[in-house]
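Enquirer: Structure provided below as C-alpha cells; questions to follow.
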Amino acid sequence: MSQVLRVETHLASSALSNLPLLQISGEVETPLILDFDALQELPHYEVHNFPIVCATTKTVLAVTQHFKGVLLRDLLAQAVLKTSNKPLYRQPIYIAARAVDGYTAMFTWHEIFNARGGDSVYVIHTCEYEPLAQLMLLCTSDVYSAPRWVRNLNRIEVKQLS
Ligand SMILES: Nc1nc2c(c(=O)[nH]1)N[C@H]1C(S)=C(S)[C@@H](COP(=O)(O)O)O[C@H]1N2
Ligand SMILES: [Mo]
C-alpha cells in the first residue's frame with residue numbers, strides 16, 4: 001500500500017482495563033458485559049496490514065498495520081443464541097454491531113455462522129500493539145471495509161424479525 005496512515009488508537013490504562021467495554025444483549029440466553037480482560041480469555045486472531053477502504057471514494061483511508069481481536073462468532077457462542085421450536089438456520093436472526101455514536105453495522109445469522117465471512121468478523125481489542133480503550137469491529141472479507149468498520153463499538157444486539 002502506498003498510503004499508510006496510522007489509525008487513531010486510544011491507550012487503555014490499567015485503570016480502564018476492567019471497565020465494561022462491550023454488552024451483548026437481545027435474543028441470547030446469557031447477556032454479557034465484557035471488559036478487556038474477559039475478551040483476552042477468548043481465542044485471539046492477528047491481522048497484519050489491513051486496508052480500510054471507503055465505499056464512496058473507493059480509496060484506502062488507512063492501513064492498520066497490526067490488530068488483534070476475537071471473532072464475533074465466538075462472542076455470540078459464549079452468549080448462546082436463543083432457540084425456539086425452529087433451528088437457528090430457519091430463523092430470521094440478525095446481529096447489529098453498534099457504536100457509542102449509534103453507528104451500526106449489520107450481519108445475519110447465516111453470514112456469521114453459515115458462511116466463510118464468519119471467519120473474518122473481528123472484535124478488535126488491540127491495535128498497533130496497544131490495547132484499545134474503545135473496541136472496534138471489522139470484517140476483513142468486505143470489499144469496502146470502511147462501512148462495517150465500527151469504531152467505539154459498545155454493543156452487540158441479537159434480534160429477530162417477527
Ligand atoms: N462509530 C463509527 N464508526 C464508523 C463510522 C461512524 O460514523 N461512526 N463511519 C464509518 C465509515 S462509513 C467510514 S468511511 C469510516 C470513516 O472514518 P473517518 O471518519 O476516520 O474518515 O469510519 C467508519 N466507522
Ligand atoms: Mo464511509
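Residue names in the C-alpha cells use chain letters A, B, ... in the order shown, residue numbers from 1 in each chain, and ligand numbers from 1 in the order shown.
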Do a neighbour search on Arg148 in chain A at 10 Å with only C-alpha atoms, toss out local chain neighbours closer than 5 positions, and write the hits as a ChimeraX atom specification.
Expert: /A:52,97,103-107,121,136-140,142
Enquirer: Please provide the set of residues having any atom within 9 Å of Leu32 in chain A, restricted to only C-alpha atoms, with same-chain residues fewer than 3 positions apart removed, written as a list of chain:residue names.
Expert: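 Listing them by chain and then by number gives A:Leu22, A:Gln23, A:Ile24, A:Ser25, A:Gln78, A:Ala79.
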Enquirer: Only C-alpha atoms, please: the residues just picked out, written as a PDB file, in the first residue's frame.
Expert:
```pdb
ATOM      1  CA  LEU A  22     -18.980  -4.474  25.293  1.00  0.00           C
ATOM      2  CA  GLN A  23     -22.527  -5.515  26.004  1.00  0.00           C
ATOM      3  CA  ILE A  24     -24.124  -8.464  24.221  1.00  0.00           C
ATOM      4  CA  SER A  25     -27.889  -8.409  24.505  1.00  0.00           C
ATOM      5  CA  GLN A  78     -20.477 -17.520  24.538  1.00  0.00           C
ATOM      6  CA  ALA A  79     -23.750 -15.580  24.919  1.00  0.00           C
TER       7      ALA A  79
END
```
Enquirer: Kindly provide the residues of chain A that approach ligand 2 to within 12 Å, each paired with its closest atom pair and their distance in Å to one decimal, based on only C-alpha atoms and all ligand atoms, listed by chain and increasing number, as CSV.
Expert:
```
residue,atom,partner,partner_atom_place_in_ligand_line,distance
A:Ile52,CA,ligand 2,1 (Mo),9.7
A:Val53,CA,ligand 2,1 (Mo),8.3
A:Cys54,CA,ligand 2,1 (Mo),5.1
A:Ala55,CA,ligand 2,1 (Mo),5.7
A:Thr56,CA,ligand 2,1 (Mo),6.1
A:Thr57,CA,ligand 2,1 (Mo),8.3
A:Lys58,CA,ligand 2,1 (Mo),9.4
A:Thr59,CA,ligand 2,1 (Mo),10.3
A:Val60,CA,ligand 2,1 (Mo),10.9
A:Leu61,CA,ligand 2,1 (Mo),9.4
A:Tyr103,CA,ligand 2,1 (Mo),11.2
A:Ala105,CA,ligand 2,1 (Mo),11.7
A:Tyr144,CA,ligand 2,1 (Mo),8.7
A:Ser145,CA,ligand 2,1 (Mo),8.8
A:Ala146,CA,ligand 2,1 (Mo),5.5
A:Pro147,CA,ligand 2,1 (Mo),5.0
A:Arg148,CA,ligand 2,1 (Mo),8.7
A:Trp149,CA,ligand 2,1 (Mo),9.0
A:Val150,CA,ligand 2,1 (Mo),10.6
```
Enquirer: Need to verify the contact set: Val100 in chain A, 7 Å, only C-alpha atoms, exclusion of same-chain residues closer than 4 positions in sequence. Can you return it as a PDB file with C-alpha atoms, in the first residue's frame?
Expert:
```
ATOM      1  CA  ASN A 152     -16.043   2.767  19.550  1.00  0.00           C
ATOM      2  CA  LEU A 153     -18.076  -0.422  19.444  1.00  0.00           C
ATOM      3  CA  ASN A 154     -20.007  -0.921  22.683  1.00  0.00           C
TER       4      ASN A 154
END
```
Enquirer: So what do you get for CA of Lys159 in chain A versus atom 8 (N, counted along the ligand's line) of ligand 1, distance-wise?
Expert: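 Straight-line distance from CA of Lys159 in chain A to atom 8 (N, counted along the ligand's line) of ligand 1 works out to 20.9 Å.
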Enquirer: Quick one: distance from atom 4 (C, counted along the ligand's line) of ligand 1 to CA of Ala115 in chain A in Å, one decimal?
Expert: 24.1 Å
Enquirer: What lies within 12 Å of Gln91 in chain A using only C-alpha atoms, ignoring chain neighbours under 2 positions off, as a PyMOL selection string?
Expert: chain A and resi 27+81-89+93-94+108-110+158-162
Enquirer: Put those residues in a file: N, CA and C atoms, as a compact mmCIF listing (two decimals), in the first residue's frame.
Expert:
```txt
# COMPACT_ATOMS: atom_id res chain seq x y z
N GLU A 27 -31.61 -11.46 21.84
CA GLU A 27 -32.08 -12.86 21.81
C GLU A 27 -30.97 -13.82 22.18
N LEU A 81 -27.16 -18.08 21.57
CA LEU A 81 -28.37 -17.57 20.92
C LEU A 81 -29.59 -18.39 21.34
N LYS A 82 -30.68 -17.68 21.57
CA LYS A 82 -31.92 -18.35 21.99
C LYS A 82 -32.50 -19.16 20.83
N THR A 83 -32.95 -20.35 21.14
CA THR A 83 -33.62 -21.14 20.11
C THR A 83 -35.09 -21.27 20.46
N SER A 84 -35.89 -21.54 19.46
CA SER A 84 -37.31 -21.79 19.72
C SER A 84 -37.60 -23.19 19.21
N ASN A 85 -38.79 -23.37 18.66
CA ASN A 85 -39.12 -24.69 18.11
C ASN A 85 -38.45 -24.93 16.76
N LYS A 86 -37.91 -23.85 16.16
CA LYS A 86 -37.24 -23.98 14.86
C LYS A 86 -35.74 -23.88 15.04
N PRO A 87 -34.95 -24.58 14.22
CA PRO A 87 -33.50 -24.41 14.32
C PRO A 87 -33.08 -22.99 13.94
N LEU A 88 -31.92 -22.58 14.45
CA LEU A 88 -31.47 -21.20 14.22
C LEU A 88 -31.39 -20.86 12.74
N TYR A 89 -31.00 -21.85 11.91
CA TYR A 89 -30.83 -21.54 10.48
C TYR A 89 -32.14 -21.26 9.76
N ILE A 93 -32.66 -14.22 11.95
CA ILE A 93 -31.89 -13.58 13.01
C ILE A 93 -30.86 -12.63 12.40
N TYR A 94 -30.77 -11.46 12.98
CA TYR A 94 -29.71 -10.54 12.56
C TYR A 94 -28.96 -10.01 13.78
N THR A 108 -26.13 -11.03 9.32
CA THR A 108 -27.20 -12.01 9.52
C THR A 108 -26.61 -13.24 10.20
N TRP A 109 -27.49 -14.04 10.75
CA TRP A 109 -27.04 -15.29 11.38
C TRP A 109 -26.25 -16.12 10.37
N HIS A 110 -26.78 -16.23 9.15
CA HIS A 110 -26.11 -17.06 8.15
C HIS A 110 -24.73 -16.53 7.78
N VAL A 158 -28.61 -8.93 19.35
CA VAL A 158 -29.13 -10.03 18.55
C VAL A 158 -30.64 -9.86 18.46
N LYS A 159 -31.15 -9.81 17.25
CA LYS A 159 -32.59 -9.56 17.06
C LYS A 159 -33.15 -10.55 16.07
N GLN A 160 -34.46 -10.60 16.03
CA GLN A 160 -35.12 -11.48 15.10
C GLN A 160 -36.29 -10.76 14.46
N LEU A 161 -36.43 -10.88 13.15
CA LEU A 161 -37.60 -10.30 12.50
C LEU A 161 -38.83 -11.09 12.93
N SER A 162 -39.92 -10.38 13.08
CA SER A 162 -41.13 -11.10 13.52
C SER A 162 -41.84 -11.69 12.31
```
Enquirer: Would you mind reading off the distance between CA of Tyr45 in chain A and CA of Thr126 in chain A, one decimal, in Å?
Expert: 10.4 Å
Enquirer: Excluding range 65-77 of chain A and residues on its chain fewer than 5 positions from it, collect all residues at most 10 Å away from it, counting only C-alpha atoms, and give them as a PDB file with N, CA and C atoms, in the first residue's frame.
Expert:
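That gives us around.pdb:
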```pdb
ATOM      1  N   VAL A   4       0.024   4.823   3.763  1.00  0.00           N
ATOM      2  CA  VAL A   4      -0.014   4.149   5.064  1.00  0.00           C
ATOM      3  C   VAL A   4      -0.229   5.201   6.142  1.00  0.00           C
ATOM      4  N   LEU A   5      -1.390   5.162   6.752  1.00  0.00           N
ATOM      5  CA  LEU A   5      -1.700   6.110   7.815  1.00  0.00           C
ATOM      6  C   LEU A   5      -1.842   5.323   9.099  1.00  0.00           C
ATOM      7  N   ARG A   6      -1.521   5.959  10.169  1.00  0.00           N
ATOM      8  CA  ARG A   6      -1.708   5.294  11.453  1.00  0.00           C
ATOM      9  C   ARG A   6      -3.155   5.498  11.887  1.00  0.00           C
ATOM     10  N   VAL A   7      -3.829   4.403  12.167  1.00  0.00           N
ATOM     11  CA  VAL A   7      -5.216   4.504  12.627  1.00  0.00           C
ATOM     12  C   VAL A   7      -5.197   4.993  14.072  1.00  0.00           C
ATOM     13  N   ILE A  24     -23.471  -7.597  25.206  1.00  0.00           N
ATOM     14  CA  ILE A  24     -24.124  -8.464  24.221  1.00  0.00           C
ATOM     15  C   ILE A  24     -25.510  -8.764  24.743  1.00  0.00           C
ATOM     16  N   SER A  25     -26.517  -8.337  23.985  1.00  0.00           N
ATOM     17  CA  SER A  25     -27.889  -8.409  24.505  1.00  0.00           C
ATOM     18  C   SER A  25     -28.851  -8.847  23.417  1.00  0.00           C
ATOM     19  N   VAL A  28     -30.441 -13.643  23.399  1.00  0.00           N
ATOM     20  CA  VAL A  28     -29.379 -14.529  23.883  1.00  0.00           C
ATOM     21  C   VAL A  28     -29.758 -15.085  25.253  1.00  0.00           C
ATOM     22  N   THR A  30     -27.582 -15.790  27.656  1.00  0.00           N
ATOM     23  CA  THR A  30     -26.714 -15.209  28.677  1.00  0.00           C
ATOM     24  C   THR A  30     -26.232 -13.838  28.222  1.00  0.00           C
ATOM     25  N   PRO A  31     -26.980 -12.786  28.524  1.00  0.00           N
ATOM     26  CA  PRO A  31     -26.474 -11.453  28.160  1.00  0.00           C
ATOM     27  C   PRO A  31     -25.120 -11.229  28.828  1.00  0.00           C
ATOM     28  N   LEU A  32     -24.190 -10.642  28.102  1.00  0.00           N
ATOM     29  CA  LEU A  32     -22.831 -10.493  28.622  1.00  0.00           C
ATOM     30  C   LEU A  32     -22.428  -9.035  28.687  1.00  0.00           C
ATOM     31  N   LEU A  34     -18.718  -7.433  28.865  1.00  0.00           N
ATOM     32  CA  LEU A  34     -17.321  -7.876  28.827  1.00  0.00           C
ATOM     33  C   LEU A  34     -16.380  -6.698  28.996  1.00  0.00           C
ATOM     34  N   LEU A  39     -12.279 -10.299  27.338  1.00  0.00           N
ATOM     35  CA  LEU A  39     -12.015 -10.535  25.916  1.00  0.00           C
ATOM     36  C   LEU A  39     -10.719 -11.315  25.712  1.00  0.00           C
ATOM     37  N   GLN A  40      -9.759 -11.099  26.603  1.00  0.00           N
ATOM     38  CA  GLN A  40      -8.474 -11.803  26.489  1.00  0.00           C
ATOM     39  C   GLN A  40      -8.629 -13.310  26.643  1.00  0.00           C
ATOM     40  N   GLU A  41      -9.729 -13.731  27.279  1.00  0.00           N
ATOM     41  CA  GLU A  41      -9.892 -15.164  27.547  1.00  0.00           C
ATOM     42  C   GLU A  41     -10.360 -15.955  26.326  1.00  0.00           C
ATOM     43  N   LEU A  42     -10.857 -15.262  25.307  1.00  0.00           N
ATOM     44  CA  LEU A  42     -11.290 -15.958  24.088  1.00  0.00           C
ATOM     45  C   LEU A  42     -10.101 -16.160  23.153  1.00  0.00           C
ATOM     46  N   PRO A  43     -10.193 -17.146  22.240  1.00  0.00           N
ATOM     47  CA  PRO A  43      -9.100 -17.306  21.266  1.00  0.00           C
ATOM     48  C   PRO A  43      -8.899 -16.004  20.494  1.00  0.00           C
ATOM     49  N   HIS A  44      -7.655 -15.642  20.258  1.00  0.00           N
ATOM     50  CA  HIS A  44      -7.439 -14.393  19.540  1.00  0.00           C
ATOM     51  C   HIS A  44      -6.779 -14.602  18.188  1.00  0.00           C
ATOM     52  N   TYR A  45      -6.988 -13.639  17.342  1.00  0.00           N
ATOM     53  CA  TYR A  45      -6.519 -13.685  15.956  1.00  0.00           C
ATOM     54  C   TYR A  45      -5.779 -12.394  15.679  1.00  0.00           C
ATOM     55  N   GLU A  46      -4.761 -12.491  14.825  1.00  0.00           N
ATOM     56  CA  GLU A  46      -3.999 -11.285  14.482  1.00  0.00           C
ATOM     57  C   GLU A  46      -4.051 -11.066  12.984  1.00  0.00           C
ATOM     58  N   VAL A  47      -4.168  -9.838  12.583  1.00  0.00           N
ATOM     59  CA  VAL A  47      -4.188  -9.486  11.159  1.00  0.00           C
ATOM     60  C   VAL A  47      -3.172  -8.375  10.939  1.00  0.00           C
ATOM     61  N   HIS A  48      -2.441  -8.503   9.833  1.00  0.00           N
ATOM     62  CA  HIS A  48      -1.408  -7.502   9.522  1.00  0.00           C
ATOM     63  C   HIS A  48      -1.762  -6.749   8.242  1.00  0.00           C
ATOM     64  N   ASN A  49      -1.423  -5.489   8.218  1.00  0.00           N
ATOM     65  CA  ASN A  49      -1.504  -4.642   7.014  1.00  0.00           C
ATOM     66  C   ASN A  49      -2.877  -4.698   6.353  1.00  0.00           C
ATOM     67  N   PHE A  50      -3.886  -4.400   7.143  1.00  0.00           N
ATOM     68  CA  PHE A  50      -5.237  -4.452   6.592  1.00  0.00           C
ATOM     69  C   PHE A  50      -5.707  -3.062   6.163  1.00  0.00           C
ATOM     70  N   PRO A  51      -6.145  -2.898   4.908  1.00  0.00           N
ATOM     71  CA  PRO A  51      -6.578  -1.585   4.439  1.00  0.00           C
ATOM     72  C   PRO A  51      -8.050  -1.295   4.763  1.00  0.00           C
ATOM     73  N   ILE A  95     -27.769  -9.541  13.520  1.00  0.00           N
ATOM     74  CA  ILE A  95     -26.877  -9.097  14.591  1.00  0.00           C
ATOM     75  C   ILE A  95     -26.434  -7.681  14.265  1.00  0.00           C
ATOM     76  N   ALA A  97     -24.055  -4.570  15.241  1.00  0.00           N
ATOM     77  CA  ALA A  97     -22.856  -4.153  15.983  1.00  0.00           C
ATOM     78  C   ALA A  97     -22.898  -2.634  16.056  1.00  0.00           C
ATOM     79  N   TRP A 109     -27.493 -14.041  10.753  1.00  0.00           N
ATOM     80  CA  TRP A 109     -27.041 -15.294  11.384  1.00  0.00           C
ATOM     81  C   TRP A 109     -26.249 -16.124  10.374  1.00  0.00           C
ATOM     82  N   GLU A 111     -24.612 -15.225   7.742  1.00  0.00           N
ATOM     83  CA  GLU A 111     -23.314 -14.642   7.394  1.00  0.00           C
ATOM     84  C   GLU A 111     -22.251 -15.017   8.437  1.00  0.00           C
ATOM     85  N   ILE A 112     -22.650 -15.028   9.702  1.00  0.00           N
ATOM     86  CA  ILE A 112     -21.691 -15.293  10.779  1.00  0.00           C
ATOM     87  C   ILE A 112     -21.467 -16.790  11.006  1.00  0.00           C
ATOM     88  N   PHE A 113     -22.564 -17.581  10.951  1.00  0.00           N
ATOM     89  CA  PHE A 113     -22.443 -18.988  11.341  1.00  0.00           C
ATOM     90  C   PHE A 113     -22.473 -19.971  10.175  1.00  0.00           C
ATOM     91  N   GLY A 118     -17.949 -15.404   8.292  1.00  0.00           N
ATOM     92  CA  GLY A 118     -17.920 -15.503   9.751  1.00  0.00           C
ATOM     93  C   GLY A 118     -16.521 -15.673  10.318  1.00  0.00           C
ATOM     94  N   ASP A 119     -15.606 -16.150   9.460  1.00  0.00           N
ATOM     95  CA  ASP A 119     -14.201 -16.302   9.887  1.00  0.00           C
ATOM     96  C   ASP A 119     -13.464 -14.969   9.893  1.00  0.00           C
ATOM     97  N   SER A 120     -14.132 -13.905   9.475  1.00  0.00           N
ATOM     98  CA  SER A 120     -13.403 -12.646   9.282  1.00  0.00           C
ATOM     99  C   SER A 120     -14.100 -11.450   9.917  1.00  0.00           C
ATOM    100  N   VAL A 121     -15.021 -11.703  10.846  1.00  0.00           N
ATOM    101  CA  VAL A 121     -15.638 -10.593  11.570  1.00  0.00           C
ATOM    102  C   VAL A 121     -15.029 -10.550  12.973  1.00  0.00           C
ATOM    103  N   TYR A 122     -14.244  -9.527  13.204  1.00  0.00           N
ATOM    104  CA  TYR A 122     -13.457  -9.442  14.426  1.00  0.00           C
ATOM    105  C   TYR A 122     -13.925  -8.309  15.331  1.00  0.00           C
ATOM    106  N   VAL A 123     -13.927  -8.568  16.624  1.00  0.00           N
ATOM    107  CA  VAL A 123     -13.998  -7.501  17.614  1.00  0.00           C
ATOM    108  C   VAL A 123     -12.557  -7.267  18.049  1.00  0.00           C
ATOM    109  N   ILE A 124     -12.068  -6.097  17.761  1.00  0.00           N
ATOM    110  CA  ILE A 124     -10.641  -5.801  17.934  1.00  0.00           C
ATOM    111  C   ILE A 124     -10.408  -5.086  19.257  1.00  0.00           C
ATOM    112  N   HIS A 125      -9.485  -5.645  20.045  1.00  0.00           N
ATOM    113  CA  HIS A 125      -9.174  -5.017  21.339  1.00  0.00           C
ATOM    114  C   HIS A 125      -7.764  -4.448  21.400  1.00  0.00           C
ATOM    115  N   THR A 126      -6.951  -4.786  20.385  1.00  0.00           N
ATOM    116  CA  THR A 126      -5.558  -4.322  20.394  1.00  0.00           C
ATOM    117  C   THR A 126      -5.206  -3.864  18.984  1.00  0.00           C
ATOM    118  N   CYS A 127      -4.694  -2.659  18.881  1.00  0.00           N
ATOM    119  CA  CYS A 127      -4.381  -2.132  17.553  1.00  0.00           C
ATOM    120  C   CYS A 127      -3.001  -1.497  17.590  1.00  0.00           C
ATOM    121  N   GLU A 128      -2.205  -1.778  16.587  1.00  0.00           N
ATOM    122  CA  GLU A 128      -0.812  -1.295  16.525  1.00  0.00           C
ATOM    123  C   GLU A 128      -0.089  -1.636  17.842  1.00  0.00           C
ATOM    124  N   TYR A 129      -0.344  -2.845  18.316  1.00  0.00           N
ATOM    125  CA  TYR A 129       0.315  -3.426  19.506  1.00  0.00           C
ATOM    126  C   TYR A 129      -0.041  -2.716  20.819  1.00  0.00           C
ATOM    127  N   GLU A 130      -1.079  -1.886  20.792  1.00  0.00           N
ATOM    128  CA  GLU A 130      -1.514  -1.198  22.011  1.00  0.00           C
ATOM    129  C   GLU A 130      -2.964  -1.583  22.304  1.00  0.00           C
ATOM    130  N   PRO A 131      -3.300  -1.825  23.582  1.00  0.00           N
ATOM    131  CA  PRO A 131      -4.707  -2.101  23.905  1.00  0.00           C
ATOM    132  C   PRO A 131      -5.578  -0.878  23.634  1.00  0.00           C
ATOM    133  N   LEU A 135     -13.384  -0.443  21.791  1.00  0.00           N
ATOM    134  CA  LEU A 135     -13.223  -1.538  20.831  1.00  0.00           C
ATOM    135  C   LEU A 135     -13.574  -1.102  19.412  1.00  0.00           C
ATOM    136  N   MET A 136     -13.172  -1.938  18.460  1.00  0.00           N
ATOM    137  CA  MET A 136     -13.571  -1.731  17.062  1.00  0.00           C
ATOM    138  C   MET A 136     -14.070  -3.065  16.518  1.00  0.00           C
ATOM    139  N   LEU A 137     -14.939  -2.996  15.545  1.00  0.00           N
ATOM    140  CA  LEU A 137     -15.342  -4.202  14.826  1.00  0.00           C
ATOM    141  C   LEU A 137     -14.930  -4.022  13.371  1.00  0.00           C
ATOM    142  N   LEU A 138     -14.486  -5.117  12.770  1.00  0.00           N
ATOM    143  CA  LEU A 138     -14.015  -5.053  11.387  1.00  0.00           C
ATOM    144  C   LEU A 138     -14.303  -6.379  10.707  1.00  0.00           C
ATOM    145  N   CYS A 139     -14.771  -6.304   9.459  1.00  0.00           N
ATOM    146  CA  CYS A 139     -14.989  -7.514   8.663  1.00  0.00           C
ATOM    147  C   CYS A 139     -13.952  -7.502   7.550  1.00  0.00           C
ATOM    148  N   ILE A 156     -23.464  -5.326  21.068  1.00  0.00           N
ATOM    149  CA  ILE A 156     -23.859  -6.291  20.043  1.00  0.00           C
ATOM    150  C   ILE A 156     -25.292  -6.677  20.386  1.00  0.00           C
ATOM    151  N   GLU A 157     -26.200  -6.434  19.468  1.00  0.00           N
ATOM    152  CA  GLU A 157     -27.610  -6.761  19.721  1.00  0.00           C
ATOM    153  C   GLU A 157     -28.050  -7.875  18.772  1.00  0.00           C
ATOM    154  N   VAL A 158     -28.608  -8.926  19.345  1.00  0.00           N
ATOM    155  CA  VAL A 158     -29.129 -10.027  18.549  1.00  0.00           C
ATOM    156  C   VAL A 158     -30.642  -9.859  18.464  1.00  0.00           C
TER     157      VAL A 158
END
```
Enquirer: Using the chain letters and numbers from this document, which residues of range 46-142 of chain A does DSSP assign to alpha helix (DSSP H), as a list in words?
Expert: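 Answer for range 46-142 of chain A, restricted to alpha helix (DSSP H): Leu72, Arg73, Asp74, Leu75, Leu76, Ala77, Gln78, Ala79, Trp109, His110, Glu111, Ile112 and Phe113 of chain A.
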Enquirer: When DSSP works through the backbone of this structure, what residues of range 8-91 of chain A end up as strand (DSSP E), shown as a ChimeraX atom specification?
Expert: /A:20-26,32-35,45-53,60-71
Enquirer: How about saving the chosen residues, N, CA and C atoms kept, as an mmCIF file, in the first residue's frame?
Expert:
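Below is the file out38.cif, written as the result:
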```cif
data_model
loop_
_atom_site.group_PDB
_atom_site.id
_atom_site.type_symbol
_atom_site.label_atom_id
_atom_site.label_comp_id
_atom_site.auth_asym_id
_atom_site.auth_seq_id
_atom_site.Cartn_x
_atom_site.Cartn_y
_atom_site.Cartn_z
ATOM 1 N N PRO A 20 -16.460 -1.953 31.787
ATOM 2 C CA PRO A 20 -17.217 -2.673 30.774
ATOM 3 C C PRO A 20 -17.007 -2.036 29.394
ATOM 4 N N LEU A 21 -16.717 -2.854 28.423
ATOM 5 C CA LEU A 21 -16.448 -2.348 27.077
ATOM 6 C C LEU A 21 -17.528 -2.744 26.092
ATOM 7 N N LEU A 22 -18.084 -3.932 26.310
ATOM 8 C CA LEU A 22 -18.980 -4.474 25.293
ATOM 9 C C LEU A 22 -20.123 -5.219 25.950
ATOM 10 N N GLN A 23 -21.322 -4.870 25.495
ATOM 11 C CA GLN A 23 -22.527 -5.515 26.004
ATOM 12 C C GLN A 23 -23.113 -6.367 24.883
ATOM 13 N N ILE A 24 -23.471 -7.597 25.206
ATOM 14 C CA ILE A 24 -24.124 -8.464 24.221
ATOM 15 C C ILE A 24 -25.510 -8.764 24.743
ATOM 16 N N SER A 25 -26.517 -8.337 23.985
ATOM 17 C CA SER A 25 -27.889 -8.409 24.505
ATOM 18 C C SER A 25 -28.851 -8.847 23.417
ATOM 19 N N GLY A 26 -30.115 -8.931 23.781
ATOM 20 C CA GLY A 26 -31.156 -9.316 22.827
ATOM 21 C C GLY A 26 -31.513 -10.780 22.975
ATOM 22 N N LEU A 32 -24.190 -10.642 28.102
ATOM 23 C CA LEU A 32 -22.831 -10.493 28.622
ATOM 24 C C LEU A 32 -22.428 -9.035 28.687
ATOM 25 N N ILE A 33 -21.640 -8.715 29.689
ATOM 26 C CA ILE A 33 -20.964 -7.420 29.726
ATOM 27 C C ILE A 33 -19.485 -7.747 29.887
ATOM 28 N N LEU A 34 -18.718 -7.433 28.865
ATOM 29 C CA LEU A 34 -17.321 -7.876 28.827
ATOM 30 C C LEU A 34 -16.380 -6.698 28.996
ATOM 31 N N ASP A 35 -15.313 -6.935 29.753
ATOM 32 C CA ASP A 35 -14.251 -5.942 29.843
ATOM 33 C C ASP A 35 -13.040 -6.456 29.057
ATOM 34 N N TYR A 45 -6.988 -13.639 17.342
ATOM 35 C CA TYR A 45 -6.519 -13.685 15.956
ATOM 36 C C TYR A 45 -5.779 -12.394 15.679
ATOM 37 N N GLU A 46 -4.761 -12.491 14.825
ATOM 38 C CA GLU A 46 -3.999 -11.285 14.482
ATOM 39 C C GLU A 46 -4.051 -11.066 12.984
ATOM 40 N N VAL A 47 -4.168 -9.838 12.583
ATOM 41 C CA VAL A 47 -4.188 -9.486 11.159
ATOM 42 C C VAL A 47 -3.172 -8.375 10.939
ATOM 43 N N HIS A 48 -2.441 -8.503 9.833
ATOM 44 C CA HIS A 48 -1.408 -7.502 9.522
ATOM 45 C C HIS A 48 -1.762 -6.749 8.242
ATOM 46 N N ASN A 49 -1.423 -5.489 8.218
ATOM 47 C CA ASN A 49 -1.504 -4.642 7.014
ATOM 48 C C ASN A 49 -2.877 -4.698 6.353
ATOM 49 N N PHE A 50 -3.886 -4.400 7.143
ATOM 50 C CA PHE A 50 -5.237 -4.452 6.592
ATOM 51 C C PHE A 50 -5.707 -3.062 6.163
ATOM 52 N N PRO A 51 -6.145 -2.898 4.908
ATOM 53 C CA PRO A 51 -6.578 -1.585 4.439
ATOM 54 C C PRO A 51 -8.050 -1.295 4.763
ATOM 55 N N ILE A 52 -8.313 -0.098 5.228
ATOM 56 C CA ILE A 52 -9.683 0.391 5.417
ATOM 57 C C ILE A 52 -10.055 1.109 4.113
ATOM 58 N N VAL A 53 -11.033 0.548 3.389
ATOM 59 C CA VAL A 53 -11.359 1.075 2.057
ATOM 60 C C VAL A 53 -12.740 1.723 2.093
ATOM 61 N N VAL A 60 -8.245 3.890 -0.264
ATOM 62 C CA VAL A 60 -7.776 3.402 1.036
ATOM 63 C C VAL A 60 -7.688 4.585 2.001
ATOM 64 N N LEU A 61 -8.460 4.503 3.087
ATOM 65 C CA LEU A 61 -8.455 5.598 4.072
ATOM 66 C C LEU A 61 -7.276 5.463 5.025
ATOM 67 N N ALA A 62 -6.943 4.222 5.348
ATOM 68 C CA ALA A 62 -5.878 3.961 6.324
ATOM 69 C C ALA A 62 -5.500 2.494 6.215
ATOM 70 N N VAL A 63 -4.346 2.154 6.723
ATOM 71 C CA VAL A 63 -3.955 0.750 6.810
ATOM 72 C C VAL A 63 -3.626 0.448 8.265
ATOM 73 N N THR A 64 -4.348 -0.514 8.829
ATOM 74 C CA THR A 64 -3.970 -0.943 10.185
ATOM 75 C C THR A 64 -2.812 -1.901 10.010
ATOM 76 N N GLN A 65 -1.690 -1.582 10.592
ATOM 77 C CA GLN A 65 -0.508 -2.433 10.407
ATOM 78 C C GLN A 65 -0.640 -3.727 11.208
ATOM 79 N N HIS A 66 -1.320 -3.640 12.335
ATOM 80 C CA HIS A 66 -1.494 -4.843 13.139
ATOM 81 C C HIS A 66 -2.741 -4.691 14.000
ATOM 82 N N PHE A 67 -3.551 -5.725 14.020
ATOM 83 C CA PHE A 67 -4.570 -5.732 15.058
ATOM 84 C C PHE A 67 -4.773 -7.130 15.591
ATOM 85 N N LYS A 68 -5.326 -7.166 16.770
ATOM 86 C CA LYS A 68 -5.584 -8.433 17.451
ATOM 87 C C LYS A 68 -6.993 -8.372 18.017
ATOM 88 N N GLY A 69 -7.731 -9.454 17.838
ATOM 89 C CA GLY A 69 -9.089 -9.447 18.364
ATOM 90 C C GLY A 69 -9.669 -10.838 18.454
ATOM 91 N N VAL A 70 -10.944 -10.875 18.746
ATOM 92 C CA VAL A 70 -11.665 -12.143 18.865
ATOM 93 C C VAL A 70 -12.728 -12.178 17.777
ATOM 94 N N LEU A 71 -13.230 -13.369 17.476
ATOM 95 C CA LEU A 71 -14.270 -13.467 16.455
ATOM 96 C C LEU A 71 -15.633 -13.119 17.047
#
```
Enquirer: Which of these, A:Gln134, A:Asn18, A:Asp37, A:Asn114, has the shortest distance to ligand 1 once you count only C-alpha atoms and all ligand atoms?
Expert: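 Closest candidate: A:Gln134.
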Enquirer: I'd like to know which of A:Val80, A:Pro92, A:Arg98, A:Ser141 is closest to ligand 1, using only C-alpha atoms and all ligand atoms.
Expert: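 Counting only C-alpha atoms and all ligand atoms, the residue closest to ligand 1 is A:Arg98.
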Enquirer: A:Glu29, A:Arg90, A:Gly102, A:Arg116: which is nearest ligand 1, counting only C-alpha atoms and all ligand atoms?
Expert: A:Gly102
